$ cat my_file_7.cif   # mmCIF, C-alpha atoms
data_query
#
loop_
_atom_site.label_atom_id
_atom_site.label_comp_id
_atom_site.auth_asym_id
_atom_site.auth_seq_id
_atom_site.Cartn_x
_atom_site.Cartn_y
_atom_site.Cartn_z
CA MET A 1 -80.47 29.16 43.00
CA ARG A 2 -76.71 28.72 42.70
CA THR A 3 -75.07 25.56 43.98
CA TYR A 4 -72.41 25.53 46.64
CA SER A 5 -69.75 25.05 43.94
CA GLU A 6 -71.04 27.95 41.83
CA GLU A 7 -70.90 30.30 44.80
CA HIS A 8 -67.27 29.37 45.51
CA GLU A 9 -65.93 28.83 42.01
CA ASP A 10 -63.09 31.25 41.15
CA SER A 11 -62.17 29.87 37.77
CA SER A 12 -62.75 26.94 35.46
CA ASP A 13 -59.31 25.51 36.23
CA SER A 14 -59.75 25.65 40.00
CA TYR A 15 -63.17 24.01 39.76
CA THR A 16 -61.77 21.23 37.56
CA ARG A 17 -59.06 20.64 40.14
CA ALA A 18 -61.64 20.62 42.94
CA LEU A 19 -63.73 18.11 41.00
CA GLU A 20 -60.72 15.81 40.65
CA LEU A 21 -59.86 16.04 44.34
CA ALA A 22 -63.45 15.52 45.46
CA SER A 23 -63.74 12.48 43.23
CA ARG A 24 -60.61 11.09 44.84
CA VAL A 25 -62.00 11.71 48.33
CA ILE A 26 -65.22 9.90 47.41
CA GLU A 27 -63.24 6.98 45.99
CA LEU A 28 -61.11 6.68 49.12
CA SER A 29 -64.20 6.79 51.33
CA ARG A 30 -65.93 4.08 49.36
CA ASP A 31 -62.84 1.87 49.34
CA SER A 32 -62.51 2.28 53.10
CA LEU A 33 -66.07 1.03 53.63
CA PHE A 34 -65.48 -1.89 51.26
CA VAL A 35 -62.52 -3.00 53.38
CA LYS A 36 -63.97 -2.35 56.83
CA LEU A 37 -67.56 -3.49 56.25
CA HIS A 38 -67.50 -6.43 53.83
CA TYR A 39 -71.25 -7.09 54.26
CA MET A 40 -71.99 -3.55 53.00
CA GLN A 41 -70.25 -4.05 49.65
CA ARG A 42 -73.38 -4.95 47.72
CA ALA A 43 -75.32 -2.02 49.17
CA ILE A 44 -72.56 0.48 48.39
CA SER A 45 -72.19 -0.94 44.89
CA ASN A 46 -75.89 -0.30 44.24
CA ILE A 47 -75.18 3.42 44.21
CA GLU A 48 -73.42 5.38 41.50
CA ILE A 49 -71.67 8.49 42.82
CA ARG A 50 -71.41 11.58 40.66
CA PRO A 51 -71.14 15.39 41.01
CA TYR A 52 -74.41 17.29 40.83
CA THR A 53 -74.86 19.69 37.93
CA GLY A 54 -78.53 20.68 38.26
CA MET A 55 -80.09 23.87 39.53
CA GLU A 56 -81.21 22.69 42.96
CA ASN A 57 -78.90 23.34 45.88
CA ILE A 58 -77.73 19.75 46.33
CA LEU A 59 -74.71 19.26 48.55
CA PHE A 60 -74.89 15.54 49.36
CA ALA A 61 -78.05 13.59 48.49
CA CYS A 62 -79.04 10.14 47.22
CA ASP A 63 -82.14 9.09 45.28
CA GLY A 64 -81.57 5.36 45.73
CA ARG A 65 -79.61 4.87 42.54
CA ILE A 66 -77.25 7.85 42.37
CA LEU A 67 -75.57 9.80 45.14
CA TYR A 68 -75.02 13.39 44.05
CA TYR A 69 -72.44 15.63 45.67
CA ASP A 70 -71.12 19.15 45.37
CA PRO A 71 -67.31 18.93 44.91
CA LEU A 72 -66.46 22.00 46.96
CA TYR A 73 -68.80 20.93 49.74
CA VAL A 74 -67.09 17.52 49.85
CA LEU A 75 -63.64 19.14 50.04
CA ALA A 76 -64.74 21.52 52.77
CA ARG A 77 -66.16 18.69 54.85
CA TYR A 78 -63.08 16.55 54.25
CA LYS A 79 -60.85 19.43 55.34
CA ASP A 80 -62.77 19.69 58.62
CA ASN A 81 -62.32 15.98 59.29
CA ILE A 82 -60.98 13.29 56.99
CA ASN A 83 -63.72 10.87 58.17
CA ASN A 84 -66.65 13.17 57.39
CA ILE A 85 -67.29 11.96 53.85
CA THR A 86 -66.88 8.27 54.74
CA HIS A 87 -69.40 8.80 57.52
CA ALA A 88 -71.84 10.68 55.27
CA LEU A 89 -71.57 8.03 52.56
CA LEU A 90 -72.30 5.23 55.03
CA HIS A 91 -75.17 7.25 56.48
CA SER A 92 -76.77 7.73 53.03
CA VAL A 93 -76.41 4.07 52.09
CA LEU A 94 -78.00 2.93 55.36
CA HIS A 95 -81.07 5.02 54.62
CA PHE A 96 -81.76 2.81 51.61
CA VAL A 97 -80.69 -0.43 53.26
CA PHE A 98 -83.53 0.29 55.70
CA HIS A 99 -85.90 1.61 53.00
CA HIS A 100 -86.21 5.03 54.63
CA GLY A 101 -86.61 6.75 51.28
CA PHE A 102 -89.65 4.70 50.28
CA THR A 103 -91.88 4.66 53.35
CA ALA A 104 -92.65 8.19 54.58
CA GLY A 105 -96.19 8.26 53.16
CA ASP A 106 -98.39 10.71 55.07
CA MET A 107 -95.94 11.05 57.95
CA ASP A 108 -94.72 14.32 59.38
CA THR A 109 -91.77 14.77 57.00
CA ASP A 110 -89.53 16.72 59.39
CA LEU A 111 -90.09 14.22 62.19
CA TRP A 112 -89.61 11.25 59.85
CA ASP A 113 -86.35 12.71 58.50
CA LEU A 114 -85.03 13.15 62.03
CA SER A 115 -86.09 9.62 63.01
CA CYS A 116 -84.34 8.15 59.97
CA ASP A 117 -81.16 10.12 60.69
CA ILE A 118 -81.08 9.00 64.32
CA ALA A 119 -81.63 5.37 63.28
CA ALA A 120 -78.80 5.55 60.72
CA GLU A 121 -76.45 7.23 63.19
CA ASN A 122 -77.19 4.62 65.82
CA ILE A 123 -76.26 1.84 63.39
CA ILE A 124 -73.00 3.60 62.49
CA ARG A 125 -72.24 3.99 66.18
CA GLU A 126 -72.73 0.24 66.71
CA LEU A 127 -70.67 -0.81 63.67
CA GLY A 128 -67.44 0.47 65.19
CA CYS A 129 -65.94 1.48 61.85
CA SER A 130 -63.00 3.72 62.82
CA SER A 131 -62.76 5.35 59.39
CA ALA A 132 -66.32 6.69 59.89
CA ASP A 133 -65.81 8.09 63.40
CA ILE A 134 -66.57 11.82 63.69
CA PRO A 135 -66.67 14.23 66.69
CA GLU A 136 -70.46 14.74 66.37
CA GLN A 137 -71.00 11.20 67.61
CA THR A 138 -69.95 12.21 71.10
CA LEU A 139 -72.72 14.81 71.13
CA GLN A 140 -75.21 12.27 69.74
CA ASN A 141 -74.52 9.70 72.45
CA PRO A 142 -76.74 11.18 75.22
CA VAL A 143 -79.73 11.37 72.85
CA ILE A 144 -79.23 7.81 71.65
CA ALA A 145 -78.72 6.56 75.20
CA ASP A 146 -81.97 8.19 76.32
CA LEU A 147 -83.93 6.68 73.43
CA SER A 148 -82.34 3.26 74.03
CA GLU A 149 -83.77 3.24 77.55
CA LYS A 150 -87.26 3.90 76.22
CA LEU A 151 -87.33 1.81 73.05
CA PRO A 152 -86.44 -1.86 72.49
CA LEU A 153 -84.98 -1.18 69.05
CA LEU A 154 -83.86 2.16 67.60
CA ASN A 155 -85.27 1.80 64.13
CA ALA A 156 -86.85 4.77 62.34
CA GLU A 157 -90.41 3.54 62.87
CA ASN A 158 -90.04 3.16 66.64
CA ILE A 159 -88.27 6.51 66.99
CA TYR A 160 -90.91 8.28 64.91
CA ARG A 161 -93.75 6.73 66.92
CA HIS A 162 -92.06 7.73 70.18
CA MET A 163 -91.46 11.33 69.10
CA ASN A 164 -94.92 11.68 67.61
CA ASN A 165 -96.43 10.48 70.89
CA ALA A 166 -94.30 13.05 72.73
CA LEU A 167 -95.75 15.79 70.51
CA THR A 168 -99.32 14.66 71.21
CA GLN A 169 -98.54 14.88 74.92
CA GLY A 170 -97.51 18.52 74.59
CA GLU A 171 -93.74 18.34 74.11
CA ASP A 172 -92.23 21.26 72.21
CA ARG A 173 -91.98 20.47 68.50
CA GLU A 174 -89.16 22.90 67.85
CA GLY A 175 -87.23 21.48 70.76
CA ILE A 176 -87.39 18.00 69.22
CA LEU A 177 -86.55 19.20 65.71
CA ARG A 178 -83.48 21.07 66.92
CA LEU A 179 -81.84 17.65 67.05
CA ARG A 180 -81.79 17.65 63.23
CA ASN A 181 -78.57 19.68 63.13
CA LEU A 182 -76.88 17.06 65.30
CA PHE A 183 -77.92 14.01 63.26
CA ARG A 184 -78.25 15.31 59.69
CA MET A 185 -75.45 14.05 57.44
CA ASP A 186 -77.13 14.28 54.03
CA GLN A 187 -80.16 15.72 52.28
CA HIS A 188 -83.38 13.78 51.74
CA SER A 189 -84.88 15.93 49.01
CA LEU A 190 -84.22 13.32 46.30
CA TRP A 191 -85.74 10.36 48.12
CA PRO A 192 -88.25 8.44 45.92
CA ASP A 193 -91.13 9.12 48.32
CA ARG A 194 -90.74 12.78 47.34
CA ALA A 195 -91.24 12.03 43.66
CA GLU A 196 -91.84 15.60 42.60
CA LYS A 197 -88.19 16.30 43.38
CA GLY A 198 -86.76 12.96 42.32
CA ILE A 199 -84.48 12.33 39.39
CA TYR A 200 -85.94 8.94 38.44
CA ASP A 201 -89.48 7.60 38.33
CA ASP A 202 -88.68 3.91 38.90
CA SER A 203 -89.10 3.75 42.66
CA VAL A 204 -90.88 0.36 42.52
CA GLU A 205 -87.90 -1.27 40.81
CA MET A 206 -85.48 0.50 43.15
CA MET A 207 -87.45 -0.71 46.15
CA ARG A 208 -87.20 -4.28 44.86
CA ILE A 209 -83.42 -3.93 44.48
CA TRP A 210 -83.00 -2.59 48.00
CA GLN A 211 -85.28 -5.24 49.49
CA ASP A 212 -83.13 -7.91 47.89
CA THR A 213 -79.97 -6.16 49.12
CA SER A 214 -81.28 -6.00 52.68
CA ARG A 215 -82.23 -9.68 52.70
CA ARG A 216 -78.83 -10.71 51.37
CA MET A 217 -77.08 -8.56 53.96
CA GLN A 218 -79.11 -10.11 56.75
CA THR A 219 -78.31 -13.62 55.50
CA GLU A 220 -74.59 -12.85 55.42
CA LEU A 221 -74.65 -11.40 58.93
CA GLU A 222 -76.56 -14.38 60.31
CA THR A 223 -74.22 -16.82 58.52
CA THR A 224 -71.20 -15.21 60.17
CA GLY A 225 -72.96 -15.20 63.54
CA GLU A 226 -73.06 -11.40 63.91
CA LYS A 227 -76.18 -10.60 65.94
CA GLY A 228 -75.92 -6.90 66.63
CA VAL A 229 -78.25 -3.94 66.14
CA LEU A 230 -77.70 -4.05 62.37
CA SER A 231 -78.79 -7.69 62.14
CA ALA A 232 -81.78 -7.10 64.41
CA SER A 233 -82.89 -4.04 62.45
CA LEU A 234 -82.57 -5.92 59.17
CA GLY A 235 -84.59 -8.77 60.62
CA ARG A 236 -87.37 -6.34 61.48
CA ILE A 237 -87.64 -4.79 58.01
CA ASN A 238 -87.17 -8.09 56.18
CA ARG A 239 -89.89 -9.78 58.18
CA SER A 240 -92.89 -10.76 56.10
CA ARG A 241 -95.31 -7.88 56.29
CA GLN A 242 -98.40 -9.84 55.35
CA SER A 243 -101.48 -8.31 56.86
CA TYR A 244 -103.31 -10.08 59.65
CA ALA A 245 -106.41 -10.07 57.46
CA ALA A 246 -104.59 -11.85 54.62
CA PHE A 247 -103.17 -14.41 57.03
CA LEU A 248 -106.52 -15.11 58.64
CA ARG A 249 -108.16 -15.69 55.25
CA ARG A 250 -105.59 -18.39 54.52
CA PHE A 251 -105.62 -19.79 58.04
CA GLY A 252 -109.38 -20.33 58.07
CA ASN A 253 -109.64 -23.81 56.60
CA HIS A 254 -112.68 -23.99 54.34
CA GLY A 255 -114.83 -27.07 54.15
CA GLU A 256 -117.44 -27.88 51.57
CA ILE A 257 -121.04 -28.54 52.54
CA MET A 258 -123.01 -30.28 49.83
CA ARG A 259 -126.64 -29.17 49.69
CA LEU A 260 -129.54 -29.79 47.37
CA SER A 261 -129.81 -27.02 44.80
CA GLU A 262 -133.41 -25.86 44.87
CA ASP A 263 -132.80 -23.79 41.73
CA GLU A 264 -131.63 -26.73 39.61
CA PHE A 265 -133.43 -29.77 41.04
CA ASP A 266 -136.94 -30.56 39.70
CA ASN A 267 -138.89 -32.07 42.58
CA ASN A 268 -141.88 -32.97 40.34
CA TYR A 269 -139.94 -35.57 38.32
CA TYR A 270 -138.42 -36.93 41.51
CA SER A 271 -141.85 -37.36 43.20
CA TYR A 272 -143.49 -38.77 40.06
CA GLY A 273 -140.81 -41.45 39.80
CA LEU A 274 -141.38 -42.52 43.39
CA GLU A 275 -145.16 -42.83 42.78
CA LEU A 276 -144.78 -44.70 39.46
CA TYR A 277 -142.01 -47.16 40.37
CA GLY A 278 -142.21 -47.35 44.11
CA ASN A 279 -138.99 -46.16 45.65
CA ILE A 280 -137.16 -45.63 42.34
CA PRO A 281 -137.06 -41.96 41.25
CA LEU A 282 -136.90 -40.90 37.60
CA ILE A 283 -133.98 -38.65 38.49
CA GLU A 284 -131.48 -38.84 41.29
CA ASN A 285 -130.91 -35.83 43.52
CA LEU A 286 -127.33 -35.43 42.30
CA GLU A 287 -127.54 -31.73 41.61
CA TYR A 288 -125.84 -29.96 44.49
CA ARG A 289 -124.34 -26.61 45.14
CA GLU A 290 -121.22 -26.19 47.23
CA ASP A 291 -121.27 -23.83 50.20
CA LYS A 292 -118.05 -22.78 51.85
CA HIS A 293 -118.05 -23.09 55.60
CA ILE A 294 -115.37 -21.73 57.95
CA ARG A 295 -114.94 -24.06 60.85
CA GLU A 296 -114.99 -23.19 64.52
CA PHE A 297 -112.15 -21.08 65.84
CA ALA A 298 -110.46 -21.11 69.21
CA VAL A 299 -108.85 -17.82 70.15
CA ALA A 300 -106.53 -18.01 73.14
CA ILE A 301 -105.32 -14.87 74.88
CA ASP A 302 -102.15 -14.86 76.95
CA THR A 303 -103.09 -12.83 80.03
CA SER A 304 -99.79 -13.26 81.84
CA GLY A 305 -99.41 -9.50 82.20
CA SER A 306 -97.08 -8.88 79.27
CA VAL A 307 -99.87 -7.74 76.93
CA GLN A 308 -102.01 -4.75 77.84
CA GLY A 309 -105.78 -4.93 78.06
CA GLU A 310 -106.54 -2.42 75.29
CA THR A 311 -104.24 -4.28 72.91
CA VAL A 312 -106.07 -7.52 73.73
CA ARG A 313 -109.45 -5.93 73.04
CA LYS A 314 -108.24 -4.61 69.67
CA PHE A 315 -106.99 -8.05 68.72
CA VAL A 316 -110.23 -9.80 69.71
CA GLN A 317 -112.36 -7.20 67.94
CA ARG A 318 -110.23 -7.31 64.79
CA THR A 319 -110.24 -11.11 64.70
CA TYR A 320 -114.01 -11.28 65.10
CA ASP A 321 -114.59 -8.60 62.45
CA LEU A 322 -112.34 -10.39 59.96
CA ILE A 323 -114.02 -13.73 60.50
CA LYS A 324 -117.49 -12.21 60.11
CA SER A 325 -116.50 -10.20 57.03
CA GLN A 326 -115.64 -13.30 55.05
CA GLU A 327 -118.54 -13.95 52.71
CA THR A 328 -118.23 -17.72 53.07
CA PHE A 329 -118.74 -17.80 56.83
CA ASP A 330 -121.69 -19.91 57.84
CA THR A 331 -124.20 -18.10 60.06
CA ARG A 332 -123.92 -20.79 62.74
CA MET A 333 -120.62 -19.43 64.01
CA LYS A 334 -118.82 -20.77 67.05
CA LEU A 335 -115.89 -18.85 68.47
CA HIS A 336 -114.22 -19.90 71.72
CA ILE A 337 -112.39 -17.02 73.41
CA ILE A 338 -110.06 -18.47 76.02
CA GLN A 339 -108.17 -16.37 78.57
CA CYS A 340 -105.19 -18.09 80.11
CA ASP A 341 -101.82 -17.58 81.78
CA ASP A 342 -100.49 -20.77 83.41
CA ARG A 343 -104.04 -22.12 83.61
CA ILE A 344 -107.41 -21.64 81.94
CA ARG A 345 -109.05 -18.54 83.40
CA GLU A 346 -112.09 -18.28 81.17
CA ASP A 347 -113.63 -19.91 78.09
CA VAL A 348 -116.50 -17.98 76.52
CA LEU A 349 -118.41 -19.40 73.57
CA ILE A 350 -119.57 -16.78 71.08
CA GLY A 351 -122.33 -17.72 68.66
CA SER A 352 -123.80 -14.41 67.53
CA ASP A 353 -123.08 -10.71 67.07
CA GLU A 354 -125.15 -9.91 70.13
CA GLU A 355 -123.15 -12.28 72.31
CA PHE A 356 -119.89 -10.85 71.04
CA GLU A 357 -120.98 -7.25 71.67
CA ARG A 358 -121.90 -8.11 75.24
CA TYR A 359 -118.59 -9.89 75.70
CA ILE A 360 -116.35 -7.14 74.33
CA GLN A 361 -118.16 -4.41 76.27
CA ASN A 362 -117.79 -6.26 79.56
CA MET A 363 -114.46 -7.95 78.88
CA LYS A 364 -112.11 -8.16 81.87
CA ILE A 365 -108.55 -9.43 81.70
CA LEU A 366 -108.15 -12.41 84.02
CA GLY A 367 -104.99 -14.07 85.23
CA LEU A 368 -101.76 -12.02 85.15
CA GLY A 369 -99.68 -15.01 86.27
CA GLU A 370 -96.87 -16.89 84.52
CA THR A 371 -97.16 -18.08 80.91
CA ASP A 372 -97.66 -21.75 80.10
CA PHE A 373 -99.16 -22.58 76.72
CA ARG A 374 -99.83 -26.25 77.49
CA PRO A 375 -103.13 -25.87 79.43
CA VAL A 376 -104.85 -24.33 76.41
CA PHE A 377 -103.87 -27.23 74.17
CA ALA A 378 -105.01 -29.74 76.79
CA HIS A 379 -108.30 -27.85 77.12
CA ILE A 380 -108.93 -27.90 73.37
CA ASP A 381 -107.98 -31.58 73.11
CA ARG A 382 -110.51 -32.34 75.84
CA MET A 383 -113.25 -30.39 74.01
CA LEU A 384 -112.49 -32.33 70.83
CA GLU A 385 -112.70 -35.65 72.69
CA GLU A 386 -116.02 -34.63 74.24
CA HIS A 387 -117.29 -33.39 70.85
CA ARG A 388 -117.80 -29.87 72.14
CA LEU A 389 -115.65 -28.90 69.15
CA THR A 390 -116.60 -30.73 65.97
CA ASN A 391 -115.36 -28.57 63.10
CA LEU A 392 -112.26 -26.79 64.42
CA ALA A 393 -110.38 -24.67 61.90
CA GLY A 394 -107.52 -24.04 64.30
CA LEU A 395 -106.15 -22.18 67.27
CA LEU A 396 -105.07 -18.55 67.22
CA TYR A 397 -102.89 -17.84 70.27
CA PHE A 398 -102.28 -14.14 71.03
CA THR A 399 -99.12 -13.79 73.12
CA ASP A 400 -95.68 -12.25 73.49
CA GLY A 401 -94.28 -15.72 72.78
CA LYS A 402 -92.55 -16.25 76.12
CA GLY A 403 -93.82 -19.43 77.71
CA ILE A 404 -93.72 -23.21 77.86
CA PHE A 405 -94.78 -24.88 74.60
CA PRO A 406 -96.35 -28.34 74.23
CA ALA A 407 -93.87 -31.08 73.38
CA ARG A 408 -96.08 -32.66 70.73
CA LYS A 409 -97.76 -31.30 67.62
CA PRO A 410 -101.56 -30.94 68.00
CA THR A 411 -103.98 -32.38 65.47
CA TYR A 412 -105.19 -28.90 64.43
CA ASP A 413 -103.51 -25.88 62.90
CA THR A 414 -101.98 -23.47 65.38
CA ALA A 415 -100.75 -19.92 64.89
CA PHE A 416 -99.02 -17.87 67.55
CA ILE A 417 -99.89 -14.22 66.96
CA ILE A 418 -96.88 -12.48 68.46
CA HIS A 419 -97.19 -9.01 69.86
CA SER A 420 -93.67 -8.04 70.89
CA ASP A 421 -91.16 -5.22 70.48
CA GLU A 422 -88.21 -7.45 71.31
CA VAL A 423 -85.07 -7.02 69.19
CA TYR A 424 -85.07 -10.75 68.44
CA PRO A 425 -88.68 -12.00 68.18
CA PRO A 426 -89.35 -15.23 70.08
CA GLU A 427 -89.30 -18.53 68.23
CA VAL A 428 -92.21 -20.96 68.15
CA PRO A 429 -92.22 -24.75 67.63
CA PRO A 430 -91.69 -25.89 64.02
CA TRP A 431 -95.24 -27.27 63.84
CA ALA A 432 -96.79 -23.87 64.55
CA MET A 433 -97.14 -20.72 62.48
CA ARG A 434 -95.79 -17.42 63.77
CA VAL A 435 -97.35 -14.09 62.79
CA MET A 436 -95.71 -10.89 63.97
CA LEU A 437 -98.62 -8.55 64.59
CA GLU A 438 -98.17 -5.01 63.33
CA GLU A 439 -99.47 -2.09 65.36
CA ASP A 440 -102.43 -1.39 63.11
CA MET A 441 -103.49 -5.07 62.89
CA GLN A 442 -104.52 -4.49 59.28
#

$ encode --input "my_file_7.cif" --output "structure tokens"
Amino acid sequence: MRTYSEEHEDSSDSYTRALELASRVIELSRDSLFVKLHYMQRAISNIEIRPYTGMENILFACDGRILYYDPLYVLARYKDNINNITHALLHSVLHFVFHHGFTAGDMDTDLWDLSCDIAAENIIRELGCSSADIPEQTLQNPVIADLSEKLPLLNAENIYRHMNNALTQGEDREGILRLRNLFRMDQHSLWPDRAEKGIYDDSVEMMRIWQDTSRRMQTELETTGEKGVLSASLGRINRSRQSYAAFLRRFGNHGEIMRLSEDEFDNNYYSYGLELYGNIPLIENLEYREDKHIREFAVAIDTSGSVQGETVRKFVQRTYDLIKSQETFDTRMKLHIIQCDDRIREDVLIGSDEEFERYIQNMKILGLGETDFRPVFAHIDRMLEEHRLTNLAGLLYFTDGKGIFPARKPTYDTAFIIHSDEVYPPEVPPWAMRVMLEEDMQ
């Protein structure tokens, strides 16, 4: 397959001249972004820009380390509009700032590409960089406005999930994918997640570089007080992505129960000593084994109406499964499941698999009032005082994070498990842990 330049090359001299001019256009575009968007300098500097000389029909594509371009394509686009190449360069860099080229996995590639392009174009639209303005943005605006009404944050993941749901509900696939021509500014064929077409095989190292770049960019934006869509989107991807399972393993405080080791302790010598010397054994029962024991858990569920019932059930089921799956869990389990809004609506004590199965099958969401976290803490404090809780590992509070927090730190560990699509996730008191729950709750 001939490249764009090969198909339009009249002579060696004219191509050399085109190469020089295209290089100059690229240089001007990069310099413009350096001046206009100071916080993008590191990201842009990560990428080397060079003309493509391979056999594949590459017009404008980045693999995370090198952006390849066809000189005659660049000149043609520049002739149409002097901002086109600046816009395309910014678009390509943003893909890697947001790790689009590393995360497709088993996704529908066409739909993921479109989602990534829309997300990048929305960021460019919000940046207000005049040297990257192009006429296509006017045509993009209605699509972006429609998505903005339906989604709290226009990142690639949210857009992909929304469009994929639309397909499952019978929306025309080709109708959705026709938007690609409106939002496509580069090619994705060299992205690392498509390794068979990639130039390099060091995607892990590249991912590390881009993760560091994204974190530094977020820090700079927050330092300067810029809290726009770019900052919010960076905050979402830079958020710790620890799994709920990994967190719960660390959260469950393990205690040691010392027990007599029947395998190692010789009861004959012990009894013989008592018979021979009265109450003085020949050997002391100092040989113990240590058993790990996960303490009681309290799981509070915010039923103020902001979290849907099915999501609550998934959380409760996942939490119970994770606790039970830990090999060190003592069989005498106690799990308090507390439903609450601005008051305690229900407190169910679970002590066996059978009790949990009955609970989850018949579970009803109670409350739907305002959110006040304080009653749950008062309720747990009262149970501790009355010794109804004697070995509490901590409190897991499932909520959207919008409510009244206690003024004082409790005596037990507390984690607010936040389920929220807000652009800026809610803060929690400094004495509590905050875990942003991913959709899959893995």

$ residues_around --input "my_file_7.cif" --residues "A:Ala43" --least-positions-apart "5" --cutoff "10 Å" --atoms "all atoms listed in the file" --output "list in words"
Leu90, Val93, Leu94, Phe96, Val97, Ile209, Trp210, Asp212, Thr213, Ser214, Arg216 and Met217 of chain A

$ residues_around --input "my_file_7.cif" --residues "A:Pro410" --least-positions-apart "2" --cutoff "10 Å" --atoms "only C-alpha atoms" --output "MDAnalysis selection string"
chainID A and resid 377:378 380:381 394:395 406:408 412:414 431:432

$ atom_distance --input "my_file_7.cif" --atom1 "atom CA of A:Gln137" --atom2 "atom CA of A:Arg125"
7.5 Å

$ atom_distance --input "my_file_7.cif" --atom1 "atom CA of A:Ser92" --atom2 "atom CA of A:Glu222"
23.3 Å

$ atom_distance --input "my_file_7.cif" --atom1 "atom CA of A:Pro192" --atom2 "atom CA of A:Tyr39"
24.5 Å

$ residues_around --input "my_file_7.cif" --residues "stretch 142-147 of chain A" --least-positions-apart "6" --cutoff "12 Å" --atoms "all atoms listed in the file" --output "VMD selection string"
chain A and resid 115 117 to 126 136 153 to 156 158 to 163 176 178 to 180 182 to 183

$ residues_around --input "my_file_7.cif" --residues "A:Leu67" --least-positions-apart "3" --cutoff "7 Å" --atoms "all atoms listed in the file" --output "ChimeraX atom specification"
/A:47-50,61-63

$ resolve_selection --input "my_file_7.cif" --expression "the PyMOL selection byres ((chain A and resi 131) around 10)" --output "JSON, numbers by chain"
{"A": [29, 32, 33, 36, 82, 83, 84, 85, 86, 87, 128, 129, 130, 132, 133, 134]}

$ write_last_selection --input "my_file_7.cif" --atoms "C-alpha atoms" --output "mmCIF file, in the coordinates of the input"
data_model
loop_
_atom_site.group_PDB
_atom_site.id
_atom_site.type_symbol
_atom_site.label_atom_id
_atom_site.label_comp_id
_atom_site.auth_asym_id
_atom_site.auth_seq_id
_atom_site.Cartn_x
_atom_site.Cartn_y
_atom_site.Cartn_z
ATOM 1 C CA SER A 29 -64.200 6.790 51.330
ATOM 2 C CA SER A 32 -62.510 2.280 53.100
ATOM 3 C CA LEU A 33 -66.070 1.030 53.630
ATOM 4 C CA LYS A 36 -63.970 -2.350 56.830
ATOM 5 C CA ILE A 82 -60.980 13.290 56.990
ATOM 6 C CA ASN A 83 -63.720 10.870 58.170
ATOM 7 C CA ASN A 84 -66.650 13.170 57.390
ATOM 8 C CA ILE A 85 -67.290 11.960 53.850
ATOM 9 C CA THR A 86 -66.880 8.270 54.740
ATOM 10 C CA HIS A 87 -69.400 8.800 57.520
ATOM 11 C CA GLY A 128 -67.440 0.470 65.190
ATOM 12 C CA CYS A 129 -65.940 1.480 61.850
ATOM 13 C CA SER A 130 -63.000 3.720 62.820
ATOM 14 C CA ALA A 132 -66.320 6.690 59.890
ATOM 15 C CA ASP A 133 -65.810 8.090 63.400
ATOM 16 C CA ILE A 134 -66.570 11.820 63.690
#

$ decode --input "my_file_7.cif" --residues "stretch 62-73 of chain A" --atoms "N, CA and C atoms" --output "compact mmCIF listing (two decimals), in the first residue's frame"
# COMPACT_ATOMS: atom_id res chain seq x y z
N CYS A 62 0.12 8.31 16.55
CA CYS A 62 1.10 8.30 17.65
C CYS A 62 1.06 6.95 18.34
N ASP A 63 2.23 6.45 18.73
CA ASP A 63 2.31 5.19 19.46
C ASP A 63 2.65 5.39 20.93
N GLY A 64 2.64 6.63 21.37
CA GLY A 64 2.96 6.94 22.77
C GLY A 64 4.34 7.50 22.95
N ARG A 65 5.23 7.22 22.02
CA ARG A 65 6.58 7.74 22.08
C ARG A 65 6.90 8.61 20.87
N ILE A 66 6.39 8.21 19.71
CA ILE A 66 6.66 8.92 18.47
C ILE A 66 5.34 9.22 17.76
N LEU A 67 5.20 10.44 17.28
CA LEU A 67 4.07 10.79 16.44
C LEU A 67 4.56 10.82 15.00
N TYR A 68 3.97 9.96 14.18
CA TYR A 68 4.36 9.86 12.78
C TYR A 68 3.37 10.65 11.92
N TYR A 69 3.89 11.30 10.90
CA TYR A 69 3.02 12.06 10.01
C TYR A 69 3.47 11.90 8.57
N ASP A 70 2.51 12.06 7.67
CA ASP A 70 2.80 12.09 6.25
C ASP A 70 2.94 13.56 5.85
N PRO A 71 4.08 13.98 5.32
CA PRO A 71 4.32 15.41 5.03
C PRO A 71 3.26 16.05 4.14
N LEU A 72 2.89 15.36 3.07
CA LEU A 72 1.91 15.96 2.17
C LEU A 72 0.52 16.03 2.79
N TYR A 73 0.20 15.08 3.64
CA TYR A 73 -1.07 15.13 4.37
C TYR A 73 -1.08 16.35 5.30
